[in-house]
file coords-v9.txt (compact mmCIF, C-alpha atoms)
# COMPACT_ATOMS: atom_id res chain seq x y z
CA MET A 568 28.62 -26.12 17.93
CA ALA A 569 25.09 -27.17 18.51
CA ALA A 570 25.01 -24.98 21.55
CA THR A 571 26.48 -22.12 19.57
CA ASP A 572 23.97 -22.62 16.82
CA GLY A 573 21.23 -22.78 19.35
CA LYS A 574 22.43 -19.56 20.95
CA ARG A 575 22.66 -17.92 17.56
CA LYS A 576 19.13 -18.97 16.82
CA ALA A 577 18.06 -17.80 20.21
CA ASN A 578 19.75 -14.49 19.69
CA ARG A 579 18.28 -14.15 16.25
CA ALA A 580 14.81 -14.98 17.36
CA GLY A 581 15.27 -12.98 20.49
CA ALA A 582 16.29 -9.94 18.62
CA GLU A 583 13.44 -10.39 16.27
CA ALA A 584 11.19 -10.70 19.21
CA GLY A 585 12.37 -7.24 20.01
CA ALA A 586 11.51 -6.27 16.52
CA LEU A 587 8.20 -8.00 16.60
CA LEU A 588 6.86 -7.63 20.02
CA ALA A 589 9.17 -5.99 22.35
CA ALA A 590 7.57 -2.94 21.30
CA ALA A 591 4.68 -3.89 23.34
CA LEU A 592 5.04 -0.57 24.99
CA ALA A 593 6.53 2.37 23.43
CA LEU A 594 7.64 5.74 23.87
CA PRO A 595 5.69 8.64 23.00
CA GLY A 596 7.20 11.72 21.68
CA VAL A 597 4.23 13.73 20.73
CA MET A 598 0.69 12.55 20.90
CA PRO A 599 -2.15 14.41 19.24
CA ALA A 600 -3.69 17.17 21.20
CA ASP A 601 -6.03 16.28 23.96
CA ALA A 602 -9.34 17.88 23.42
CA LEU A 603 -9.77 21.08 25.31
CA ALA A 604 -6.49 20.73 27.14
CA GLN A 605 -5.74 24.40 26.73
CA SER A 606 -4.32 24.90 30.17
CA ALA A 607 -1.97 23.00 32.38
CA PRO A 608 -3.67 20.11 34.14
CA ASP A 609 -4.16 20.77 37.82
CA LYS A 610 -3.98 17.11 38.81
CA GLY A 611 -1.14 14.70 38.55
CA ILE A 612 -1.40 11.12 37.30
CA PHE A 613 0.51 8.04 38.29
CA GLU A 614 -0.29 4.85 36.42
CA LEU A 615 0.98 1.32 36.69
CA GLN A 616 0.29 -1.15 33.94
CA TYR A 617 0.91 -4.83 33.37
CA LEU A 618 0.53 -6.37 29.92
CA SER A 619 0.33 -10.10 29.28
CA TYR A 620 0.52 -10.88 25.57
CA ARG A 621 0.55 -14.13 23.61
CA ASP A 622 0.31 -14.94 19.89
CA TRP A 623 0.12 -18.06 17.79
CA GLN A 624 -0.50 -19.56 14.36
CA PRO A 625 -2.33 -22.81 13.66
CA GLY A 626 -0.61 -25.61 15.49
CA ARG A 627 2.15 -23.56 17.04
CA ASN A 628 2.58 -20.89 19.67
CA ARG A 629 4.77 -17.94 18.78
CA MET A 630 5.67 -15.19 21.23
CA THR A 631 4.77 -14.45 24.81
CA VAL A 632 5.39 -11.00 26.26
CA ASP A 633 5.06 -9.71 29.80
CA ALA A 634 5.46 -5.97 30.09
CA PRO A 635 5.20 -3.92 33.28
CA ALA A 636 5.15 -0.18 32.70
CA PHE A 637 4.47 3.06 34.46
CA TYR A 638 3.53 6.58 33.47
CA ALA A 639 3.49 9.78 35.49
CA LEU A 640 2.24 13.29 34.80
CA ILE A 641 3.23 15.94 37.30
CA PRO A 642 2.09 19.57 37.20
CA ILE A 643 5.00 21.60 38.49
CA ASN A 644 2.97 24.79 38.76
CA ASP A 645 0.21 26.58 36.86
CA THR A 646 2.09 26.58 33.55
CA TRP A 647 4.68 23.77 33.63
CA VAL A 648 3.98 20.05 33.34
CA VAL A 649 6.39 17.12 33.25
CA GLU A 650 5.39 13.65 32.14
CA GLY A 651 7.18 10.44 31.32
CA GLY A 652 7.26 6.72 31.65
CA MET A 653 9.20 3.51 31.40
CA VAL A 654 8.54 0.00 30.21
CA TYR A 655 10.26 -3.33 30.50
CA ASP A 656 9.35 -6.04 27.99
CA ALA A 657 10.23 -9.66 28.69
CA MET A 658 9.72 -11.95 25.71
CA SER A 659 9.99 -15.63 24.98
CA GLY A 660 8.93 -17.97 22.20
CA ALA A 661 9.56 -18.30 18.48
CA SER A 662 9.19 -15.91 15.56
CA PRO A 663 8.97 -16.39 11.77
CA LEU A 664 12.04 -16.73 9.58
CA TYR A 665 9.94 -16.42 6.44
CA PHE A 666 6.22 -16.78 5.82
CA ASN A 667 4.96 -19.06 8.61
CA VAL A 668 8.20 -20.98 9.09
CA LEU A 669 9.29 -20.36 12.66
CA SER A 670 12.67 -20.27 14.27
CA GLY A 671 13.45 -23.52 16.06
CA ALA A 672 14.84 -22.35 19.35
CA SER A 673 12.87 -21.03 22.24
CA ILE A 674 14.30 -17.68 23.21
CA TYR A 675 14.26 -15.08 25.91
CA ASP A 676 14.93 -11.40 25.39
CA TYR A 677 14.01 -8.07 26.88
CA ARG A 678 13.71 -4.43 26.06
CA THR A 679 13.79 -1.35 28.23
CA ALA A 680 12.54 2.04 27.17
CA GLY A 681 11.75 5.41 28.63
CA ASP A 682 10.62 8.87 27.68
CA VAL A 683 10.11 12.29 29.18
CA LYS A 684 8.24 15.36 28.00
CA VAL A 685 8.04 18.89 29.37
CA THR A 686 5.20 21.24 28.46
CA LYS A 687 4.96 24.97 29.04
CA TYR A 688 1.52 26.54 28.79
CA PHE A 689 1.22 30.12 27.59
CA GLY A 690 -1.99 32.05 27.11
CA ASP A 691 -3.11 30.88 23.71
CA TYR A 692 -0.62 28.16 23.02
CA SER A 693 1.64 25.57 24.59
CA VAL A 694 5.04 24.20 23.68
CA SER A 695 6.29 20.71 24.50
CA ALA A 696 9.72 19.16 24.17
CA GLY A 697 10.35 15.47 24.60
CA ALA A 698 13.06 12.83 24.43
CA PHE A 699 12.85 9.07 24.18
CA VAL A 700 15.14 6.08 24.17
CA SER A 701 14.60 2.38 23.60
CA SER A 702 17.24 -0.28 24.10
CA GLU A 703 17.36 -3.92 23.05
CA GLN A 704 20.16 -6.40 22.71
CA ASP A 705 20.67 -5.45 19.08
CA PHE A 706 18.77 -2.20 18.69
CA LEU A 707 19.03 1.28 20.10
CA SER A 708 16.61 4.04 19.26
CA ARG A 709 16.94 7.64 20.41
CA GLY A 710 15.05 10.72 19.49
CA GLY A 711 13.46 13.97 20.39
CA SER A 712 10.32 15.89 19.58
CA VAL A 713 8.80 19.33 19.71
CA GLN A 714 5.10 20.13 19.65
CA VAL A 715 3.18 23.36 19.55
CA GLN A 716 -0.53 23.61 20.27
CA ILE A 717 -2.47 26.75 19.45
CA TYR A 718 -5.89 27.40 20.95
CA SER A 719 -8.67 29.38 19.37
CA GLU A 720 -10.10 32.37 21.18
CA ASP A 721 -13.26 30.52 22.13
CA ARG A 722 -11.18 27.54 23.25
CA ASN A 723 -13.21 25.17 21.09
CA ARG A 724 -10.46 24.49 18.58
CA THR A 725 -6.87 23.35 18.99
CA TYR A 726 -4.27 23.29 16.25
CA THR A 727 -1.33 20.94 16.65
CA LEU A 728 2.04 21.15 14.97
CA GLY A 729 4.63 18.53 15.80
CA PHE A 730 8.05 17.43 14.74
CA ALA A 731 10.26 14.51 15.79
CA GLY A 732 13.63 13.14 14.81
CA THR A 733 14.78 9.59 15.52
CA ASN A 734 18.11 7.81 15.16
CA ASP A 735 18.06 4.00 15.18
CA TYR A 736 21.14 1.84 15.56
CA ILE A 737 20.89 -1.79 14.45
CA ASN A 738 23.58 -4.32 15.27
CA ALA A 739 22.14 -7.77 14.62
CA THR A 740 23.57 -10.61 16.65
CA ASN A 741 23.98 -12.75 13.54
CA GLY A 742 26.45 -10.33 11.99
CA VAL A 743 24.19 -9.30 9.13
CA ALA A 744 24.55 -5.59 8.34
CA PRO A 745 26.66 -4.75 11.39
CA ASN A 746 26.51 -1.25 12.88
CA SER A 747 23.67 -0.17 10.64
CA ARG A 748 21.66 2.97 11.15
CA ARG A 749 18.58 4.73 10.02
CA ASN A 750 17.41 8.28 10.62
CA SER A 751 13.89 9.53 10.32
CA LEU A 752 11.83 12.68 10.64
CA GLU A 753 8.13 12.95 11.37
CA PHE A 754 5.81 15.88 10.99
CA VAL A 755 2.25 16.15 12.21
CA VAL A 756 -0.36 18.81 11.69
CA GLY A 757 -3.79 18.45 13.20
CA VAL A 758 -6.92 20.14 14.39
CA THR A 759 -9.31 19.28 17.20
CA GLN A 760 -12.74 20.90 17.16
CA ALA A 761 -15.54 20.78 19.70
CA LEU A 762 -18.59 20.49 17.47
CA THR A 763 -21.24 20.66 20.15
CA ALA A 764 -21.42 20.29 23.91
CA ASN A 765 -21.45 16.53 23.33
CA SER A 766 -19.29 15.89 20.27
CA ILE A 767 -15.72 16.52 19.28
CA ILE A 768 -13.64 15.65 16.23
CA GLN A 769 -9.92 15.46 15.58
CA SER A 770 -8.07 15.08 12.30
CA ASN A 771 -4.31 14.70 11.91
CA LEU A 772 -1.96 14.40 8.97
CA THR A 773 1.37 12.74 9.68
CA TYR A 774 4.28 12.52 7.29
CA TYR A 775 7.24 10.24 7.99
CA THR A 776 10.45 10.17 6.01
CA GLY A 777 13.43 8.01 6.78
CA HIS A 778 16.66 6.81 5.31
CA GLY A 779 18.91 3.90 6.22
CA TYR A 780 18.62 0.22 7.03
CA TYR A 781 15.02 -1.03 6.88
CA ALA A 782 15.50 -4.73 6.18
CA ASP A 783 15.01 -7.45 8.79
CA PRO A 784 18.46 -8.95 9.38
CA TYR A 785 16.98 -12.11 10.88
CA LYS A 786 14.93 -13.03 7.82
CA PRO A 787 16.86 -14.79 5.05
CA LEU A 788 17.28 -12.75 1.85
CA ASP A 789 15.24 -9.87 3.29
CA THR A 790 16.23 -6.76 1.34
CA ARG A 791 14.19 -3.56 1.60
CA PRO A 792 14.48 -0.05 0.23
CA THR A 793 16.81 2.30 2.08
CA THR A 794 14.26 5.09 2.08
CA ARG A 795 10.76 5.00 3.47
CA ASN A 796 8.05 7.62 3.39
CA THR A 797 4.59 7.27 4.83
CA PHE A 798 1.62 9.58 4.86
CA ALA A 799 -1.20 9.00 7.30
CA TRP A 800 -4.56 10.64 7.78
CA LEU A 801 -6.23 9.91 11.09
CA THR A 802 -9.68 11.16 12.04
CA ARG A 803 -11.38 10.46 15.34
CA TYR A 804 -14.79 11.44 16.58
CA ASN A 805 -16.33 11.20 20.04
CA LEU A 806 -20.04 11.56 20.67
CA HIS A 807 -21.48 11.60 24.18
CA PHE A 808 -25.05 10.53 24.95
CA PRO A 809 -26.25 12.03 28.25
CA GLU A 810 -28.82 9.29 28.23
CA PRO A 811 -27.79 6.51 28.76
CA ASP A 812 -24.56 8.18 29.95
CA ALA A 813 -22.44 6.62 27.22
CA THR A 814 -19.86 7.73 24.67
CA LEU A 815 -19.32 6.47 21.13
CA LYS A 816 -15.73 6.69 19.94
CA LEU A 817 -14.98 6.29 16.24
CA GLY A 818 -11.70 6.36 14.35
CA TYR A 819 -10.46 5.98 10.81
CA ARG A 820 -6.90 5.94 9.49
CA LEU A 821 -5.72 5.88 5.89
CA LEU A 822 -2.01 5.29 5.40
CA PHE A 823 0.14 5.28 2.26
CA ASP A 824 3.57 3.71 2.44
CA SER A 825 6.34 4.14 -0.13
CA PHE A 826 7.01 0.42 0.29
CA GLY A 827 3.85 0.02 -1.77
CA SER A 828 1.39 -0.90 0.93
CA THR A 829 -1.82 1.05 1.50
CA SER A 830 -3.88 0.41 4.59
CA ASN A 831 -7.23 1.37 6.03
CA MET A 832 -8.24 1.07 9.66
CA VAL A 833 -11.60 1.72 11.26
CA GLU A 834 -12.40 1.33 14.93
CA ALA A 835 -15.34 1.89 17.23
CA ALA A 836 -15.79 1.72 20.99
CA TRP A 837 -18.76 2.27 23.25
CA VAL A 838 -17.97 3.58 26.73
CA GLN A 839 -20.90 2.77 28.98
CA ALA A 840 -20.96 4.23 32.47
CA LEU A 841 -22.58 2.02 35.09
CA PRO A 842 -23.63 2.56 38.69
CA TRP A 843 -21.15 2.57 41.58
CA GLY A 844 -18.24 3.80 39.47
CA TRP A 845 -18.15 0.90 37.08
CA SER A 846 -17.76 1.25 33.32
CA VAL A 847 -17.62 -1.20 30.45
CA THR A 848 -16.15 -0.48 27.02
CA PRO A 849 -16.58 -2.99 24.22
CA GLY A 850 -14.60 -2.18 21.08
CA LEU A 851 -14.06 -3.41 17.54
CA ARG A 852 -11.25 -2.67 15.10
CA TYR A 853 -10.89 -3.66 11.47
CA TYR A 854 -7.70 -3.26 9.47
CA THR A 855 -6.83 -4.11 5.88
CA GLN A 856 -3.62 -3.64 3.90
CA SER A 857 -2.26 -4.31 0.44
CA ALA A 858 1.12 -5.99 0.05
CA ALA A 859 4.43 -4.18 -0.24
CA ASP A 860 5.82 -4.04 -3.77
CA PHE A 861 8.71 -6.35 -2.89
CA TYR A 862 6.74 -8.91 -0.91
CA MET A 863 6.76 -12.22 -2.80
CA ASN A 864 4.28 -15.02 -2.30
CA PRO A 865 5.30 -18.54 -1.26
CA PRO A 866 7.14 -20.79 -1.88
CA PHE A 867 10.29 -19.29 -0.45
CA PRO A 868 12.38 -17.87 -2.16
CA LYS A 869 10.34 -17.61 -5.33
CA GLY A 870 10.70 -14.18 -6.90
CA PHE A 871 14.03 -13.39 -5.29
CA LYS A 872 16.53 -11.73 -7.61
CA GLU A 873 19.99 -10.74 -6.52
CA GLY A 874 20.28 -7.02 -6.12
CA GLN A 875 16.54 -6.38 -5.94
CA ASP A 876 14.34 -5.77 -2.93
CA TYR A 877 12.71 -8.89 -1.54
CA SER A 878 10.78 -9.90 1.56
CA ALA A 879 8.86 -12.96 2.73
CA ASP A 880 7.72 -11.18 5.89
CA THR A 881 3.99 -11.80 6.20
CA ARG A 882 3.56 -8.44 7.90
CA LEU A 883 4.13 -6.97 4.45
CA ALA A 884 1.57 -9.29 2.82
CA ALA A 885 -2.01 -8.43 1.88
CA PHE A 886 -4.47 -9.33 4.63
CA GLY A 887 -7.25 -8.14 6.85
CA ALA A 888 -7.40 -8.18 10.63
CA VAL A 889 -10.07 -7.89 13.29
CA THR A 890 -9.74 -7.06 16.97
CA ALA A 891 -12.52 -7.50 19.50
CA GLY A 892 -11.86 -6.14 22.94
CA ILE A 893 -13.42 -5.03 26.18
CA ILE A 894 -12.36 -2.82 29.07
CA VAL A 895 -13.94 -3.04 32.48
CA GLY A 896 -13.16 -0.10 34.74
CA LYS A 897 -13.90 0.85 38.32
CA THR A 898 -13.25 4.11 40.12
CA LEU A 899 -12.12 3.75 43.71
CA PRO A 900 -11.92 6.19 46.60
CA ASP A 901 -9.15 8.77 46.95
CA GLY A 902 -8.45 9.20 43.23
CA TRP A 903 -7.69 5.57 42.51
CA SER A 904 -9.08 3.64 39.57
CA VAL A 905 -8.50 0.24 38.09
CA ALA A 906 -9.14 -1.14 34.61
CA LEU A 907 -8.84 -4.58 33.11
CA ARG A 908 -8.55 -4.86 29.35
CA ALA A 909 -8.82 -7.97 27.17
CA ASP A 910 -8.34 -8.10 23.40
CA MET A 911 -8.49 -10.84 20.81
CA TYR A 912 -6.85 -10.28 17.41
CA ARG A 913 -6.74 -12.28 14.19
CA GLN A 914 -5.14 -11.73 10.78
CA ASP A 915 -6.50 -13.57 7.78
CA PRO A 916 -5.61 -13.04 4.08
CA ASP A 917 -9.25 -13.75 3.23
CA TRP A 918 -10.36 -10.78 5.30
CA ARG A 919 -8.70 -8.21 3.09
CA LEU A 920 -11.05 -5.69 1.48
CA GLY A 921 -10.41 -3.97 -1.82
CA GLY A 922 -8.53 -6.86 -3.36
CA THR A 923 -7.41 -10.41 -2.80
CA GLY A 924 -5.29 -11.40 0.15
CA SER A 925 -1.84 -12.89 -0.22
CA PRO A 926 -2.06 -16.64 -0.94
CA GLY A 927 -0.34 -19.41 0.94
CA ILE A 928 0.00 -17.86 4.40
CA GLN A 929 -1.70 -18.94 7.57
CA THR A 930 -3.90 -17.03 9.92
CA PHE A 931 -2.19 -15.31 12.83
CA SER A 932 -3.82 -14.74 16.19
CA ALA A 933 -3.01 -12.87 19.36
CA ARG A 934 -4.63 -12.12 22.67
CA TRP A 935 -3.59 -9.72 25.36
CA PHE A 936 -4.71 -8.80 28.84
CA GLN A 937 -3.82 -5.54 30.48
CA LEU A 938 -4.28 -4.34 34.04
CA ASP A 939 -4.05 -0.62 34.79
CA LEU A 940 -3.97 0.95 38.22
CA THR A 941 -4.17 4.75 38.20
CA LYS A 942 -3.95 7.37 40.90
CA THR A 943 -4.80 11.02 40.36
CA PHE A 944 -3.51 13.51 42.88
CA MET B 537 -13.36 0.09 3.09
CA ARG B 538 -14.98 2.80 1.06
CA ILE B 539 -18.11 2.02 3.00
CA ALA B 540 -16.27 2.43 6.28
CA LEU B 541 -14.85 5.73 5.12
CA LEU B 542 -18.29 6.81 4.06
CA VAL B 543 -19.69 5.92 7.46
CA VAL B 544 -17.02 7.90 9.28
CA LEU B 545 -17.44 10.89 7.03
CA THR B 546 -21.20 10.72 7.30
CA VAL B 547 -21.05 10.66 11.07
CA ALA B 548 -18.57 13.51 11.08
CA LEU B 549 -20.67 15.53 8.70
CA ALA B 550 -23.75 14.77 10.75
CA GLY B 551 -21.89 16.29 13.66
CA CYS B 552 -20.99 19.27 11.55
CA ALA B 553 -24.59 19.61 10.51
CA THR B 554 -25.38 20.40 14.12
CA PHE B 555 -22.23 22.42 14.56
CA GLU B 556 -22.83 24.46 17.67
CA PRO B 557 -19.54 25.02 19.48
CA PRO B 558 -20.24 24.97 23.19
CA LYS B 559 -20.12 27.95 25.47
CA PRO B 560 -17.62 27.76 28.31
CA TRP B 561 -20.32 26.65 30.73
CA GLU B 562 -21.40 23.85 28.39
CA ARG B 563 -18.15 21.90 28.36
CA GLY B 564 -18.83 19.55 31.22
CA ASN B 565 -19.33 16.51 29.06
CA LEU B 566 -16.40 17.36 26.79
CA ALA B 567 -14.14 17.36 29.83
CA ARG B 568 -15.03 13.78 30.71
CA PRO B 569 -12.10 11.38 30.37
CA GLU B 570 -13.83 9.23 27.76
CA MET B 571 -14.33 12.30 25.56
CA GLN B 572 -10.56 12.84 25.35
CA PHE B 573 -8.78 11.20 22.46
CA ASP B 574 -5.81 9.92 24.44
CA TYR B 575 -6.74 10.37 28.05
CA ASP B 576 -4.97 7.15 29.03
CA ARG B 577 -1.72 7.73 27.19
CA LEU B 578 -0.05 4.62 28.50
CA ASP B 579 -2.88 2.47 27.20
CA ALA B 580 -2.85 4.29 23.84
CA LYS B 581 0.87 3.76 23.41
CA THR B 582 0.63 0.12 24.30
CA GLN B 583 -2.16 -0.57 21.84
CA GLN B 584 -0.53 1.32 19.00
CA HIS B 585 2.74 -0.51 19.38
CA ILE B 586 1.14 -3.89 19.57
CA TYR B 587 -0.35 -3.18 16.16
CA THR B 588 2.86 -1.65 14.84
CA SER B 589 4.66 -4.90 15.56
CA LYS B 590 2.34 -7.00 13.44
CA GLU B 591 1.06 -4.79 10.62
CA ALA B 592 2.80 -2.88 7.84
CA ALA B 593 1.22 0.43 8.78
CA ASN B 594 2.97 2.41 11.43
CA GLY B 595 1.99 5.74 12.86
CA GLY B 596 -0.53 8.42 12.24
CA TYR B 597 -1.23 9.02 15.92
CA GLY B 598 1.41 11.67 16.29
CA VAL B 599 5.11 12.01 15.85
CA GLY B 600 7.93 10.53 17.83
CA GLY B 601 7.63 7.07 19.12
CA GLY B 602 10.96 5.66 19.92
CA GLY B 603 11.85 2.87 17.75
CA CYS B 604 11.66 -0.73 17.40
CA GLY B 605 12.82 -2.78 14.49
CA CYS B 606 9.30 -3.99 14.00
CA ASN B 607 8.69 -2.86 10.45
call {"tool": "encode", "arguments": {"input": "coords-v9.txt", "output": "structure tokens"}}
result
Amino acid sequence: MAATDGKRKANRAGAEAGALLAAALALPGVMPADALAQSAPDKGIFELQYLSYRDWQPGRNRMTVDAPAFYALIPINDTWVVEGGMVYDAMSGASPLYFNVLSGASIYDYRTAGDVKVTKYFGDYSVSAGAFVSSEQDFLSRGGSVQVQIYSEDRNRTYTLGFAGTNDYINATNGVAPNSRRNSLEFVVGVTQALTANSIIQSNLTYYTGHGYYADPYKPLDTRPTTRNTFAWLTRYNLHFPEPDATLKLGYRLLFDSFGSTSNMVEAAWVQALPWGWSVTPGLRYYTQSAADFYMNPPFPKGFKEGQDYSADTRLAAFGAVTAGIIVGKTLPDGWSVALRADMYRQDPDWRLGGTGSPGIQTFSARWFQLDLTKTF
Amino acid sequence: MRIALLVVLTVALAGCATFEPPKPWERGNLARPEMQFDYDRLDAKTQQHIYTSKEAANGGYGVGGGGCGCN
């Protein structure tokens, strides 16, 4: 019985690990338009990546994730390009049941995922079609996407229109909400504009609408709305400085969520080229969010009412978060390059801007290292 | 956050103030990898999904992402 209970806990935490962190690598359907990518790339890319991730709260480690991945982009000819990738996430550790109370058992779980996208370039536009799948012990996600990019006559502006549909199947190992599903649609419209010979800006609007099971089956009493709509505005700006051969990258995202949470994110990175093919990129990111309407403060389960939405998931609380990171890169002969990335992340309710943070929850920290080896051919 | 928004908009508008779209022969710097918004797509995906797993906000960087039960 104890073993069974332990396995159940392990499964529960393991599945939640998939929910929490397995996603360490994901599957792209449609990414915003690359600046000035108005014709098929003439070089292929093959990239190997290894991610080592760990997070913790005061006094206790939470999850550890190791995730090897690869990505390839292959020009078939002058107008056709195929790209895709795969990732394998291996996770272990403990995850929260509610607030900062962690599951007792140490667990192990994994996730595998893959995607493929085909792009056809025409004269003044391109069309892409993609498919993606992600599989965990208790979760299967499948979907497809279509994207159209339209280029201005002077090739300094790109319009992007995108659409994706996703079907998720949830079958929690603890028997809560068996064989549940959710379906979602996403729409993106964006524009990328070269402002000068050294600056470019991109702005995208993304609308997501979904229906189905959104609760976390591994969190006691967790009950969430069966519809979710989000609206995001993302603007990014790159400015190159010929002297000292550096690039400033800025980004801002505003996101409204029908769950009641509104978030703001701002990020900045400085890409500094150095002699002998080296580069160094320090970066900072700040994020702040308000709480979801149905998030209730501690103690658990204060505020819970039968038949009403409720969550004690701290990811839906009000908090702020800061990431400090650095990337060190080196180009090598014959099209090879290598990059090592290190990031440190912390969430703190006291760091929320525009209001007070949620009381009674602890800080949450994470760090991750990432090694990328890339070959262009 | 309003300040951050103001900073971003100010920088963007400053760029617009010197809005001189480049001629074809002036695009050398724009073609540099670091001037692309998602040149390293694998890295971009990884970073976005790390954040998706621990914050309420999800998305905005494009559509389609394959799922996880993260949020």
call {"tool": "residues_around", "arguments": {"input": "coords-v9.txt", "residues": "range 812-817 of chain A", "least_positions_apart": "6", "cutoff": "8 Å", "atoms": "all atoms listed in the file", "output": "short mmCIF file (atom, residue, chain, number, x, y, z; two decimals) with C-alpha atoms, in the coordinates of the input"}}
result
data_model
loop_
_atom_site.label_atom_id
_atom_site.label_comp_id
_atom_site.auth_asym_id
_atom_site.auth_seq_id
_atom_site.Cartn_x
_atom_site.Cartn_y
_atom_site.Cartn_z
CA ARG A 803 -11.38 10.46 15.34
CA TYR A 804 -14.79 11.44 16.58
CA ASN A 805 -16.33 11.20 20.04
CA LEU A 806 -20.04 11.56 20.67
CA VAL A 833 -11.60 1.72 11.26
CA GLU A 834 -12.40 1.33 14.93
CA ALA A 835 -15.34 1.89 17.23
CA ALA A 836 -15.79 1.72 20.99
CA TRP A 837 -18.76 2.27 23.25
CA VAL A 838 -17.97 3.58 26.73
CA GLN A 839 -20.90 2.77 28.98
CA ALA A 840 -20.96 4.23 32.47
CA VAL B 544 -17.02 7.90 9.28
CA GLU B 570 -13.83 9.23 27.76
CA MET B 571 -14.33 12.30 25.56
#
call {"tool": "atom_distance", "arguments": {"input": "coords-v9.txt", "atom1": "CA of Gln769 in chain A", "atom2": "CA of Met653 in chain A"}}
result
27.5 Å
call {"tool": "residues_near_point", "arguments": {"input": "coords-v9.txt", "point": "(7.0, 17.4, 29.5)", "cutoff": "10 Å", "atoms": "all atoms listed in the file", "output": "number ranges by chain"}}
result
A: 596-597, 640-642, 647-651, 682-687, 694-698
call {"tool": "write_last_selection", "arguments": {"input": "coords-v9.txt", "atoms": "C-alpha atoms", "output": "mmCIF file, keeping the file's coordinate frame"}}
result
data_model
loop_
_atom_site.group_PDB
_atom_site.id
_atom_site.type_symbol
_atom_site.label_atom_id
_atom_site.label_comp_id
_atom_site.auth_asym_id
_atom_site.auth_seq_id
_atom_site.Cartn_x
_atom_site.Cartn_y
_atom_site.Cartn_z
ATOM 1 C CA GLY A 596 7.200 11.720 21.680
ATOM 2 C CA VAL A 597 4.230 13.730 20.730
ATOM 3 C CA LEU A 640 2.240 13.290 34.800
ATOM 4 C CA ILE A 641 3.230 15.940 37.300
ATOM 5 C CA PRO A 642 2.090 19.570 37.200
ATOM 6 C CA TRP A 647 4.680 23.770 33.630
ATOM 7 C CA VAL A 648 3.980 20.050 33.340
ATOM 8 C CA VAL A 649 6.390 17.120 33.250
ATOM 9 C CA GLU A 650 5.390 13.650 32.140
ATOM 10 C CA GLY A 651 7.180 10.440 31.320
ATOM 11 C CA ASP A 682 10.620 8.870 27.680
ATOM 12 C CA VAL A 683 10.110 12.290 29.180
ATOM 13 C CA LYS A 684 8.240 15.360 28.000
ATOM 14 C CA VAL A 685 8.040 18.890 29.370
ATOM 15 C CA THR A 686 5.200 21.240 28.460
ATOM 16 C CA LYS A 687 4.960 24.970 29.040
ATOM 17 C CA VAL A 694 5.040 24.200 23.680
ATOM 18 C CA SER A 695 6.290 20.710 24.500
ATOM 19 C CA ALA A 696 9.720 19.160 24.170
ATOM 20 C CA GLY A 697 10.350 15.470 24.600
ATOM 21 C CA ALA A 698 13.060 12.830 24.430
#
call {"tool": "atom_distance", "arguments": {"input": "coords-v9.txt", "atom1": "CA of Asp676 in chain A", "atom2": "CA of Asn628 in chain A"}}
result
16.6 Å
call {"tool": "atom_distance", "arguments": {"input": "coords-v9.txt", "atom1": "CA of Asp622 in chain A", "atom2": "CA of Tyr775 in chain A"}}
result
28.7 Å
call {"tool": "residues_near_point", "arguments": {"input": "coords-v9.txt", "point": "(4.7, -9.3, 28.1)", "cutoff": "10 Å", "atoms": "all atoms listed in the file", "output": "PyMOL selection string"}}
result
chain A and resi 588-592+617-621+630-635+655-659+677+935-937
call {"tool": "write_last_selection", "arguments": {"input": "coords-v9.txt", "atoms": "C-alpha atoms", "output": "PDB file, in the coordinates of the input"}}
result
ATOM      1  CA  LEU A 588       6.860  -7.630  20.020  1.00  0.00           C
ATOM      2  CA  ALA A 589       9.170  -5.990  22.350  1.00  0.00           C
ATOM      3  CA  ALA A 590       7.570  -2.940  21.300  1.00  0.00           C
ATOM      4  CA  ALA A 591       4.680  -3.890  23.340  1.00  0.00           C
ATOM      5  CA  LEU A 592       5.040  -0.570  24.990  1.00  0.00           C
ATOM      6  CA  TYR A 617       0.910  -4.830  33.370  1.00  0.00           C
ATOM      7  CA  LEU A 618       0.530  -6.370  29.920  1.00  0.00           C
ATOM      8  CA  SER A 619       0.330 -10.100  29.280  1.00  0.00           C
ATOM      9  CA  TYR A 620       0.520 -10.880  25.570  1.00  0.00           C
ATOM     10  CA  ARG A 621       0.550 -14.130  23.610  1.00  0.00           C
ATOM     11  CA  MET A 630       5.670 -15.190  21.230  1.00  0.00           C
ATOM     12  CA  THR A 631       4.770 -14.450  24.810  1.00  0.00           C
ATOM     13  CA  VAL A 632       5.390 -11.000  26.260  1.00  0.00           C
ATOM     14  CA  ASP A 633       5.060  -9.710  29.800  1.00  0.00           C
ATOM     15  CA  ALA A 634       5.460  -5.970  30.090  1.00  0.00           C
ATOM     16  CA  PRO A 635       5.200  -3.920  33.280  1.00  0.00           C
ATOM     17  CA  TYR A 655      10.260  -3.330  30.500  1.00  0.00           C
ATOM     18  CA  ASP A 656       9.350  -6.040  27.990  1.00  0.00           C
ATOM     19  CA  ALA A 657      10.230  -9.660  28.690  1.00  0.00           C
ATOM     20  CA  MET A 658       9.720 -11.950  25.710  1.00  0.00           C
ATOM     21  CA  SER A 659       9.990 -15.630  24.980  1.00  0.00           C
ATOM     22  CA  TYR A 677      14.010  -8.070  26.880  1.00  0.00           C
ATOM     23  CA  TRP A 935      -3.590  -9.720  25.360  1.00  0.00           C
ATOM     24  CA  PHE A 936      -4.710  -8.800  28.840  1.00  0.00           C
ATOM     25  CA  GLN A 937      -3.820  -5.540  30.480  1.00  0.00           C
TER      26      GLN A 937
END
call {"tool": "closest_residue", "arguments": {"input": "coords-v9.txt", "among": "A:Leu615, A:Ala879, A:Val895, A:Val668", "to": "chain B", "atoms": "only C-alpha atoms"}}
result
A:Leu615
